[in-house]
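Engineer: File name protein-v7.txt; file contents compact mmCIF, C-alpha atoms; full text below.
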# COMPACT_ATOMS: atom_id res chain seq x y z
CA MET A 1 40.79 19.24 -10.75
CA HIS A 2 38.60 17.49 -13.29
CA ASP A 3 35.04 18.47 -13.85
CA ILE A 4 32.46 18.18 -16.57
CA PHE A 5 33.82 21.24 -18.34
CA SER A 6 37.36 19.97 -18.70
CA ARG A 7 38.24 18.86 -22.22
CA GLU A 8 41.08 16.48 -21.33
CA PRO A 9 40.04 12.82 -20.83
CA ASP A 10 39.31 12.03 -17.25
CA PRO A 11 39.96 8.45 -15.98
CA LEU A 12 36.86 8.89 -13.87
CA ASP A 13 34.68 8.81 -16.99
CA GLY A 14 36.07 5.38 -17.80
CA MET A 15 35.45 4.14 -14.27
CA LEU A 16 31.83 5.30 -14.29
CA ALA A 17 31.04 4.29 -17.85
CA PRO A 18 28.19 1.76 -18.12
CA LEU A 19 29.05 -1.78 -19.09
CA PRO A 20 27.15 -3.80 -21.68
CA LEU A 21 25.02 -6.61 -20.36
CA PRO A 22 26.79 -9.98 -20.58
CA PRO A 23 25.56 -12.30 -23.35
CA ASP A 24 24.25 -14.83 -20.84
CA ALA A 25 22.02 -12.25 -19.11
CA GLU A 26 19.00 -14.10 -20.52
CA ALA A 27 19.98 -17.25 -18.62
CA LEU A 28 20.12 -15.28 -15.37
CA ARG A 29 16.80 -13.67 -16.21
CA GLN A 30 15.13 -17.08 -16.64
CA LYS A 31 16.77 -18.51 -13.53
CA VAL A 32 15.75 -15.62 -11.28
CA TYR A 33 12.23 -15.59 -12.75
CA ALA A 34 11.83 -19.28 -11.92
CA GLN A 35 12.93 -18.61 -8.33
CA THR A 36 10.63 -15.65 -7.83
CA SER A 37 7.60 -17.36 -9.35
CA ARG A 38 8.18 -20.32 -7.03
CA VAL A 39 7.92 -17.87 -4.11
CA LEU A 40 4.69 -16.49 -5.58
CA ARG A 41 3.20 -19.94 -6.11
CA ARG A 42 4.11 -20.99 -2.56
CA ARG A 43 2.48 -17.84 -1.21
CA ARG A 44 -0.65 -18.50 -3.27
CA ARG A 45 -0.84 -22.08 -1.95
CA LEU A 46 -0.44 -20.82 1.62
CA TRP A 47 -3.17 -18.27 1.03
CA GLN A 48 -5.48 -20.94 -0.37
CA CYS A 49 -4.76 -23.21 2.60
CA ALA A 50 -5.48 -20.36 5.01
CA TYR A 51 -8.73 -19.62 3.15
CA ALA A 52 -9.79 -23.27 3.31
CA ALA A 53 -8.89 -23.41 7.01
CA GLY A 54 -10.94 -20.25 7.60
CA LEU A 55 -13.92 -21.76 5.84
CA ALA A 56 -13.61 -24.99 7.83
CA ALA A 57 -13.32 -23.01 11.07
CA SER A 58 -16.42 -20.96 10.19
CA PHE A 59 -18.33 -24.15 9.43
CA ALA A 60 -17.22 -25.72 12.73
CA ILE A 61 -18.17 -22.58 14.68
CA GLY A 62 -21.55 -22.59 12.94
CA LEU A 63 -22.14 -26.20 13.97
CA LEU A 64 -21.14 -25.47 17.57
CA VAL A 65 -23.42 -22.44 17.75
CA MET A 66 -26.27 -24.50 16.32
CA ARG A 67 -25.72 -27.25 18.90
CA ALA A 68 -25.46 -24.73 21.72
CA SER A 69 -28.70 -23.07 20.66
CA ILE A 70 -30.52 -26.42 20.53
CA ARG A 71 -29.31 -27.70 23.92
CA PRO A 72 -31.03 -25.27 26.33
CA ILE A 73 -34.57 -26.11 25.09
CA PRO A 74 -36.42 -27.26 28.25
CA THR A 75 -37.46 -30.91 28.50
CA ASP A 76 -40.13 -32.57 30.59
CA SER A 77 -37.65 -34.15 32.97
CA GLY A 78 -35.31 -31.19 33.27
CA GLU A 79 -35.95 -27.50 32.93
CA ARG A 80 -39.71 -27.68 32.53
CA GLY A 81 -40.17 -29.90 35.56
CA ARG A 82 -37.97 -27.63 37.62
CA VAL A 83 -39.79 -24.46 36.58
CA SER A 84 -43.27 -25.87 37.08
CA ALA A 85 -42.53 -27.59 40.38
CA PRO A 86 -43.56 -24.77 42.77
CA SER A 87 -46.79 -24.03 40.95
CA THR A 88 -47.76 -27.72 40.85
CA GLN A 89 -47.21 -27.98 44.54
CA ALA A 90 -49.11 -24.81 45.23
CA LEU A 91 -52.06 -25.84 43.10
CA GLY A 92 -52.02 -29.44 44.27
CA THR A 93 -52.36 -30.87 40.80
CA LEU A 94 -51.78 -34.38 39.53
CA THR A 95 -48.51 -35.60 40.97
CA ARG A 96 -49.07 -39.32 41.15
CA PRO A 97 -47.12 -41.56 38.79
CA ARG A 98 -49.16 -42.35 35.74
CA PRO A 99 -50.11 -46.00 35.18
CA PRO A 100 -48.12 -47.76 32.48
CA VAL A 101 -49.96 -47.99 29.18
CA PRO A 102 -48.51 -49.50 26.01
CA ALA A 103 -46.97 -46.75 23.90
CA ASP A 104 -48.55 -47.90 20.65
CA GLU A 105 -52.09 -47.97 22.05
CA SER A 106 -54.55 -45.68 20.23
CA ALA A 107 -56.63 -42.99 21.95
CA LEU A 108 -59.78 -45.03 21.55
CA ALA A 109 -58.18 -48.15 23.08
CA ARG A 110 -56.99 -46.05 25.98
CA GLU A 111 -60.44 -44.63 26.46
CA VAL A 112 -61.84 -48.16 26.59
CA VAL A 113 -59.19 -49.16 29.17
CA ALA A 114 -60.12 -46.09 31.21
CA PHE A 115 -63.79 -47.01 31.08
CA ASP A 116 -62.96 -50.52 32.37
CA SER A 117 -60.55 -49.33 35.05
CA LEU A 118 -61.75 -48.94 38.60
CA ASP A 119 -58.88 -47.29 40.46
CA GLN A 120 -57.14 -45.21 37.73
CA ARG A 121 -60.04 -44.21 35.60
CA GLY A 122 -59.43 -40.46 35.90
CA GLU A 123 -55.78 -40.67 34.95
CA LEU A 124 -56.45 -43.02 32.03
CA TYR A 125 -59.18 -40.78 30.68
CA ARG A 126 -56.79 -37.91 30.82
CA GLN A 127 -54.19 -39.86 28.86
CA ALA A 128 -56.81 -40.77 26.29
CA GLY A 129 -57.74 -37.09 26.01
CA ASP A 130 -54.09 -36.16 25.50
CA ARG A 131 -53.83 -38.75 22.74
CA TYR A 132 -56.93 -37.44 20.99
CA MET A 133 -55.43 -33.94 21.06
CA GLU A 134 -51.84 -34.73 20.15
CA GLU A 135 -52.18 -37.57 17.69
CA GLU A 136 -55.63 -37.43 16.21
CA SER A 137 -56.46 -33.71 16.45
CA ASP A 138 -59.91 -34.63 17.72
CA PRO A 139 -60.87 -32.03 20.34
CA GLN A 140 -64.41 -33.28 20.55
CA SER A 141 -63.31 -36.74 21.76
CA ALA A 142 -60.65 -35.11 23.92
CA LEU A 143 -63.32 -32.95 25.53
CA ARG A 144 -65.33 -36.04 26.38
CA CYS A 145 -62.30 -37.82 27.88
CA TYR A 146 -61.17 -34.78 29.89
CA ALA A 147 -64.69 -34.31 31.28
CA ASN A 148 -64.72 -37.97 32.37
CA ALA A 149 -61.23 -37.59 33.82
CA LEU A 150 -62.25 -34.60 35.94
CA ASP A 151 -65.29 -36.49 37.17
CA ASN A 152 -63.04 -39.27 38.39
CA VAL A 153 -60.10 -37.51 40.08
CA PRO A 154 -59.93 -36.16 43.62
CA LYS A 155 -60.84 -32.51 44.16
CA GLN A 156 -57.23 -31.32 44.62
CA GLU A 157 -56.35 -32.63 41.17
CA GLN A 158 -59.05 -30.58 39.48
CA ALA A 159 -57.07 -27.33 39.73
CA ILE A 160 -55.31 -25.92 36.66
CA SER A 161 -51.71 -27.15 36.20
CA SER A 162 -48.94 -26.03 33.89
CA ASP A 163 -48.86 -29.58 32.53
CA ASP A 164 -52.39 -29.19 31.16
CA ASN A 165 -53.00 -28.39 27.52
CA TRP A 166 -55.21 -25.48 26.52
CA LEU A 167 -58.38 -27.58 26.30
CA LEU A 168 -57.97 -29.17 29.72
CA MET A 169 -57.15 -25.77 31.21
CA ALA A 170 -60.30 -24.30 29.63
CA ILE A 171 -62.47 -27.12 30.99
CA LYS A 172 -60.97 -26.81 34.48
CA ASN A 173 -61.39 -23.07 34.38
CA ALA A 174 -65.04 -23.31 33.27
CA ARG A 175 -65.81 -25.86 36.00
CA GLN A 176 -64.14 -23.68 38.60
CA LYS A 177 -66.20 -20.66 37.52
CA GLU A 178 -69.33 -22.77 37.56
CA LYS A 179 -68.58 -23.85 41.13
CA ASP A 180 -67.81 -20.28 42.24
CA HIS A 181 -71.01 -19.07 40.65
CA ALA A 182 -73.06 -21.77 42.41
CA LYS A 183 -71.33 -21.00 45.73
CA ASN A 184 -72.08 -17.29 45.46
CA GLY A 185 -75.72 -18.07 44.80
CA GLY A 186 -75.99 -17.14 41.17
CA MET B 1 3.45 7.47 -19.67
CA GLN B 2 1.99 10.11 -17.37
CA PRO B 3 2.93 9.75 -13.68
CA ASP B 4 -0.72 9.14 -12.73
CA ASP B 5 -1.06 6.42 -15.36
CA ARG B 6 2.12 4.81 -14.10
CA VAL B 7 0.89 4.82 -10.49
CA GLU B 8 -2.49 3.39 -11.47
CA ARG B 9 -0.97 0.70 -13.65
CA GLU B 10 1.59 -0.36 -11.04
CA GLN B 11 -1.06 -0.37 -8.33
CA GLY B 12 -3.19 -2.68 -10.45
CA LEU B 13 -0.26 -4.99 -11.14
CA ARG B 14 0.70 -5.02 -7.47
CA ARG B 15 -2.85 -5.97 -6.46
CA ALA B 16 -2.93 -8.71 -9.07
CA ILE B 17 0.40 -10.14 -7.90
CA LEU B 18 -0.69 -10.13 -4.27
CA SER B 19 -3.80 -12.06 -5.20
CA GLY B 20 -1.58 -14.65 -6.89
CA GLU B 21 -1.70 -13.64 -10.58
CA GLU B 22 1.55 -14.77 -12.12
CA TYR B 23 1.10 -12.90 -15.42
CA ALA B 24 1.22 -9.58 -13.50
CA TRP B 25 4.52 -10.55 -11.94
CA ARG B 26 5.87 -11.59 -15.35
CA THR B 27 4.92 -8.15 -16.71
CA LEU B 28 6.69 -6.18 -13.99
CA TYR B 29 9.65 -8.54 -14.01
CA ASP B 30 10.19 -8.36 -17.77
CA GLU B 31 9.94 -4.59 -17.77
CA ALA B 32 12.39 -4.03 -14.94
CA PHE B 33 14.92 -6.84 -15.27
CA THR B 34 17.28 -5.28 -17.83
CA GLY B 35 17.32 -1.88 -16.12
CA LEU B 36 18.03 -3.39 -12.73
CA TYR B 37 20.75 -5.66 -14.06
CA ALA B 38 22.46 -2.75 -15.85
CA TYR B 39 22.27 -0.68 -12.67
CA VAL B 40 23.71 -3.39 -10.43
CA LEU B 41 26.43 -4.16 -12.96
CA TRP B 42 27.34 -0.47 -13.01
CA ARG B 43 27.31 -0.28 -9.22
CA CYS B 44 29.54 -3.37 -9.06
CA ALA B 45 31.89 -1.81 -11.64
CA GLY B 46 31.43 -4.82 -13.89
CA LEU B 47 32.07 -7.55 -11.30
CA ARG B 48 29.82 -10.19 -12.83
CA ASP B 49 29.68 -12.70 -9.98
CA ARG B 50 28.78 -10.04 -7.45
CA ALA B 51 26.27 -8.36 -9.75
CA ASP B 52 24.51 -11.66 -10.47
CA GLU B 53 24.30 -12.45 -6.77
CA VAL B 54 22.90 -9.01 -5.91
CA VAL B 55 20.38 -9.07 -8.77
CA GLN B 56 19.13 -12.45 -7.62
CA GLU B 57 18.88 -11.32 -4.01
CA THR B 58 17.13 -8.09 -5.03
CA TRP B 59 14.40 -9.90 -6.93
CA LEU B 60 13.82 -12.40 -4.17
CA THR B 61 13.57 -9.58 -1.62
CA ALA B 62 11.19 -7.72 -3.94
CA VAL B 63 8.83 -10.64 -4.42
CA ARG B 64 8.73 -11.36 -0.69
CA ARG B 65 8.19 -7.73 0.29
CA LEU B 66 5.95 -6.62 -2.55
CA ARG B 67 3.28 -5.55 -0.06
CA ALA B 68 5.68 -2.77 1.04
CA PHE B 69 5.92 -1.37 -2.50
CA ASP B 70 3.92 1.85 -2.78
CA PRO B 71 3.58 3.00 -6.42
CA SER B 72 2.56 6.50 -5.30
CA ALA B 73 5.91 6.91 -3.54
CA GLY B 74 7.99 5.97 -6.59
CA SER B 75 8.24 3.66 -9.57
CA PHE B 76 8.80 -0.07 -9.31
CA ALA B 77 12.22 0.35 -10.95
CA ALA B 78 13.22 2.96 -8.34
CA TRP B 79 11.99 0.69 -5.53
CA LEU B 80 14.10 -2.16 -6.92
CA ARG B 81 17.13 0.12 -7.20
CA GLY B 82 16.65 1.06 -3.54
CA ILE B 83 16.65 -2.61 -2.50
CA ALA B 84 19.74 -3.30 -4.61
CA ALA B 85 21.57 -0.27 -3.20
CA ASN B 86 20.88 -1.45 0.36
CA LEU B 87 22.08 -4.94 -0.44
CA LEU B 88 25.24 -3.54 -2.03
CA ARG B 89 25.90 -1.30 0.95
CA ASN B 90 25.55 -4.23 3.34
CA HIS B 91 27.71 -6.36 1.10
CA PHE B 92 30.54 -3.84 1.01
CA ARG B 93 30.31 -3.29 4.75
CA ARG B 94 30.83 -7.01 5.28
CA GLU B 95 33.63 -7.06 2.71
CA SER B 96 35.56 -4.21 4.34
CA ARG B 97 35.27 -5.89 7.77
CA ARG B 98 36.63 -9.09 6.27
CA ALA B 99 39.42 -7.20 4.49
CA ARG B 100 40.54 -5.64 7.77
CA ARG B 101 40.89 -9.09 9.33
CA THR B 102 42.91 -10.62 6.47
CA GLN B 103 46.23 -9.47 5.03
CA PRO B 104 47.10 -9.94 1.32
CA LEU B 105 50.13 -12.06 0.45
CA ASP B 106 52.79 -9.53 -0.60
CA CYS B 107 55.27 -12.14 -1.81
CA GLU B 108 53.03 -13.14 -4.69
CA PRO B 109 52.73 -10.60 -7.50
CA LEU B 110 49.13 -9.89 -8.30
CA ALA B 111 48.05 -11.16 -11.63
CA ARG B 112 46.63 -8.71 -14.14
CA ALA B 113 43.07 -10.05 -13.69
CA ALA B 114 43.31 -9.82 -9.94
CA GLU B 115 44.51 -6.25 -10.22
CA ALA B 116 41.61 -5.34 -12.47
CA ARG B 117 39.23 -6.96 -10.05
CA GLU B 118 40.71 -4.98 -7.18
CA ASP B 119 40.25 -1.76 -9.16
CA ALA B 120 36.65 -2.65 -9.88
CA GLU B 121 36.09 -3.38 -6.21
CA HIS B 122 37.42 0.07 -5.31
CA VAL B 123 35.07 1.72 -7.80
CA ALA B 124 32.12 -0.30 -6.51
CA GLN B 125 33.05 0.48 -2.92
CA ALA B 126 33.37 4.20 -3.70
CA LEU B 127 29.94 4.25 -5.40
CA SER B 128 28.47 2.50 -2.43
CA ASP B 129 29.96 5.02 0.00
CA LEU B 130 28.62 8.05 -1.89
CA PRO B 131 25.64 9.95 -0.52
CA GLU B 132 22.41 9.03 -2.30
CA HIS B 133 21.94 12.32 -4.20
CA TYR B 134 25.46 12.12 -5.63
CA GLU B 135 24.96 8.52 -6.66
CA ALA B 136 21.65 9.46 -8.31
CA VAL B 137 23.11 12.27 -10.41
CA LEU B 138 26.10 10.14 -11.48
CA ARG B 139 23.71 7.34 -12.45
CA ALA B 140 21.61 9.71 -14.53
CA LYS B 141 24.69 11.04 -16.29
CA TYR B 142 26.73 7.86 -16.83
CA LEU B 143 24.39 4.89 -16.68
CA ASP B 144 21.26 6.44 -18.20
CA GLY B 145 23.32 8.69 -20.50
CA GLN B 146 21.09 11.70 -19.84
CA SER B 147 22.18 15.23 -20.78
CA VAL B 148 22.51 17.94 -18.15
CA ALA B 149 19.37 19.60 -19.53
CA ALA B 150 17.39 16.36 -19.26
CA ILE B 151 18.57 15.74 -15.69
CA ALA B 152 17.66 19.33 -14.79
CA ALA B 153 14.19 18.93 -16.27
CA GLU B 154 13.63 15.66 -14.45
CA ARG B 155 14.77 17.06 -11.11
CA ASP B 156 13.01 20.36 -11.66
CA GLU B 157 16.28 22.30 -11.22
CA SER B 158 18.31 24.66 -13.40
CA PRO B 159 21.05 23.22 -15.64
CA LYS B 160 23.60 25.30 -13.70
CA ALA B 161 22.53 23.66 -10.43
CA VAL B 162 22.80 20.20 -12.00
CA GLU B 163 26.27 20.98 -13.41
CA SER B 164 27.37 22.08 -9.97
CA LEU B 165 25.90 18.96 -8.39
CA LEU B 166 27.67 16.76 -10.96
CA THR B 167 30.99 18.46 -10.26
CA ARG B 168 30.58 17.90 -6.52
CA ALA B 169 29.49 14.32 -7.06
CA ARG B 170 32.51 13.54 -9.23
CA GLN B 171 34.79 15.19 -6.71
CA ALA B 172 33.25 13.21 -3.86
CA PHE B 173 33.61 10.00 -5.87
CA ARG B 174 37.26 10.74 -6.60
CA GLU B 175 37.99 11.37 -2.92
CA VAL B 176 36.25 8.21 -1.73
CA TYR B 177 37.95 6.17 -4.43
CA GLN B 178 41.40 7.46 -3.54
CA LYS B 179 40.77 6.82 0.12
CA SER B 180 39.82 3.20 -0.55
CA GLU B 181 42.93 2.54 -2.66
Can you present the structure in this file as structure tokens?

Structural biologist:
Amino acid sequence: MHDIFSREPDPLDGMLAPLPLPPDAEALRQKVYAQTSRVLRRRRRLWQCAYAAGLAASFAIGLLVMRASIRPIPTDSGERGRVSAPSTQALGTLTRPRPPVPADESALAREVVAFDSLDQRGELYRQAGDRYMEEESDPQSALRCYANALDNVPKQEQAISSDDNWLLMAIKNARQKEKDHAKNGG
Amino acid sequence: MQPDDRVEREQGLRRAILSGEEYAWRTLYDEAFTGLYAYVLWRCAGLRDRADEVVQETWLTAVRRLRAFDPSAGSFAAWLRGIAANLLRNHFRRESRRARRTQPLDCEPLARAAEAREDAEHVAQALSDLPEHYEAVLRAKYLDGQSVAAIAAERDESPKAVESLLTRARQAFREVYQKSE
């Protein structure tokens, strides 16, 4: 039996002896390096594509969320009308269709039209008041128009409505209190 | 290099490679190529064509599975040797199945080169069939040229234990080799 202590040459030593690297090992080294770095580059490109796709997806999701958050805002014809419907009915406020007035007409022109009108004076004064409030920020003129409007509408339309702005509500409220006070004898 | 330094360095290189840094791959590749090639050549008993094929396959496997490399579990060179050993084992398994299906032509005398190749294949096959701890101690002794004392120090064992292990490894190799002949 041969072992590491035996002095005679063992053929096993020859079999297990290391072999020198072949002279063209450098060529193999370059070839294999080129192959492996191609794999790395491909992986990096894939990673970059995935990153770009992730960014694009995030952007798209952001846009969708933004759209979704804008959509449910109530509009006059939709949500708001539906919500305010019972209270309008209950209070008996203005429900008649408003007379057509040119969209580009100023508040003052509308007020003049209201003054000249016989059958829709109240409604036209109200529109003029709205214009003074919304476009000209002139509450004093609006107050005048709203007061004229309330003088010219039927009694059931003088109650507070959710369609009224704060000034009209305040005027209606003050008039109501005034009436109650007079009714209760001071 | 201290083991901790080695782990830290290889972890850094691994991270850099995974984030696409080619210079880090070049560093690891250049450091390990010669050692791996020498190991595979030794395991293939000098069969150049087979060694080249296995080296190539080992590196491609390594670059694709680099995420699985854990520097704290062992060095990059050891990880590569593990991949190469698995590839060699699979290769010889396939070869022996094929050899069982085909019969050599006994009318034609084998040429000297063919005979040498057959011998080399037996050696390679025997190394591949050895248990891992025997293969490791034979590698340290023959391929790395380490002394018994150095192997003992590296394995944290006594020189006597290493001598005994070497004797058993050589004996096991001889038996496997003779069986494959």

Engineer: With a cut-off of 7 Å, could you pull out the residues of chain B touching chain A and give me the nearest pair of atoms for each, distance in Å to one decimal, using only C-alpha atoms, ordered by chain and ascending number, as a Markdown table?

Structural biologist:
| residue | atom | partner | partner_atom | distance |
| --- | --- | --- | --- | --- |
| B:Gly20 | CA | A:Arg44 | CA | 5.4 |
| B:Ala38 | CA | A:Leu21 | CA | 6.5 |
| B:Trp42 | CA | A:Pro18 | CA | 5.6 |
| B:Gly46 | CA | A:Leu19 | CA | 6.5 |
| B:Gln56 | CA | A:Val32 | CA | 5.9 |
| B:Trp59 | CA | A:Thr36 | CA | 6.9 |
| B:Leu60 | CA | A:Thr36 | CA | 5.8 |
| B:Val63 | CA | A:Thr36 | CA | 6.3 |
| B:Val123 | CA | A:Met15 | CA | 6.9 |
| B:Tyr142 | CA | A:Ala17 | CA | 5.7 |
| B:Leu143 | CA | A:Pro18 | CA | 5.1 |
| B:Thr167 | CA | A:Asp3 | CA | 5.4 |

Engineer: Which residues come within 8 Å of stretch 133-145 of chain A, counting all atoms listed in the file, excluding same-chain residues fewer than 4 positions away, as a PyMOL selection string?

Structural biologist: chain A and resi 111+125-126+128-129+149+167-168

Engineer: Report the distance between atom CA of B:Gly12 and atom CA of B:Trp25 in Å, rounded to one decimal place.

Structural biologist: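 Result for atom CA of B:Gly12 versus atom CA of B:Trp25: 11.1 Å, one decimal.
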
Engineer: How many Å lie between atom CA of B:Val162 and atom CA of B:Ser75, rounded to one decimal?

Structural biologist: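 Those two atoms sit 22.2 Å apart.
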
Engineer: For B:Glu8, which of B:Thr61, B:Ser180, B:Thr27, B:Ser72 is the closest residue, counting all atoms listed in the file?

Structural biologist: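 Nearest candidate to B:Glu8 out of B:Thr61, B:Ser180, B:Thr27, B:Ser72: B:Ser72.
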
Engineer: Could I get stretch 155-167 of chain A from the block written as an mmCIF file, in the first residue's frame, with N, CA and C atoms?

Structural biologist:
data_model
loop_
_atom_site.group_PDB
_atom_site.id
_atom_site.type_symbol
_atom_site.label_atom_id
_atom_site.label_comp_id
_atom_site.auth_asym_id
_atom_site.auth_seq_id
_atom_site.Cartn_x
_atom_site.Cartn_y
_atom_site.Cartn_z
ATOM 1 N N LYS A 155 -94.277 85.111 -2.124
ATOM 2 C CA LYS A 155 -93.898 84.878 -0.732
ATOM 3 C C LYS A 155 -93.111 83.563 -0.549
ATOM 4 N N GLN A 156 -93.572 82.512 -1.290
ATOM 5 C CA GLN A 156 -92.931 81.197 -1.099
ATOM 6 C C GLN A 156 -91.470 81.174 -1.593
ATOM 7 N N GLU A 157 -91.140 82.166 -2.421
ATOM 8 C CA GLU A 157 -89.760 82.192 -2.922
ATOM 9 C C GLU A 157 -88.850 83.060 -2.047
ATOM 10 N N GLN A 158 -89.404 83.557 -0.959
ATOM 11 C CA GLN A 158 -88.591 84.413 -0.082
ATOM 12 C C GLN A 158 -87.881 83.618 1.024
ATOM 13 N N ALA A 159 -88.135 82.306 1.049
ATOM 14 C CA ALA A 159 -87.476 81.471 2.073
ATOM 15 C C ALA A 159 -86.026 81.172 1.649
ATOM 16 N N ILE A 160 -85.206 80.870 2.646
ATOM 17 C CA ILE A 160 -83.780 80.604 2.376
ATOM 18 C C ILE A 160 -83.641 79.300 1.584
ATOM 19 N N SER A 161 -82.758 79.329 0.569
ATOM 20 C CA SER A 161 -82.508 78.139 -0.257
ATOM 21 C C SER A 161 -81.005 77.842 -0.260
ATOM 22 N N SER A 162 -80.687 76.576 -0.527
ATOM 23 C CA SER A 162 -79.262 76.226 -0.568
ATOM 24 C C SER A 162 -78.572 76.806 -1.801
ATOM 25 N N ASP A 163 -79.356 77.287 -2.749
ATOM 26 C CA ASP A 163 -78.771 77.926 -3.928
ATOM 27 C C ASP A 163 -78.346 79.372 -3.646
ATOM 28 N N ASP A 164 -78.795 79.923 -2.540
ATOM 29 C CA ASP A 164 -78.510 81.326 -2.228
ATOM 30 C C ASP A 164 -77.065 81.483 -1.780
ATOM 31 N N ASN A 165 -76.498 82.656 -2.102
ATOM 32 C CA ASN A 165 -75.167 82.928 -1.542
ATOM 33 C C ASN A 165 -75.347 83.524 -0.141
ATOM 34 N N TRP A 166 -74.196 83.764 0.509
ATOM 35 C CA TRP A 166 -74.286 84.164 1.926
ATOM 36 C C TRP A 166 -75.056 85.474 2.129
ATOM 37 N N LEU A 167 -74.891 86.400 1.153
ATOM 38 C CA LEU A 167 -75.533 87.710 1.308
ATOM 39 C C LEU A 167 -77.058 87.590 1.185
#
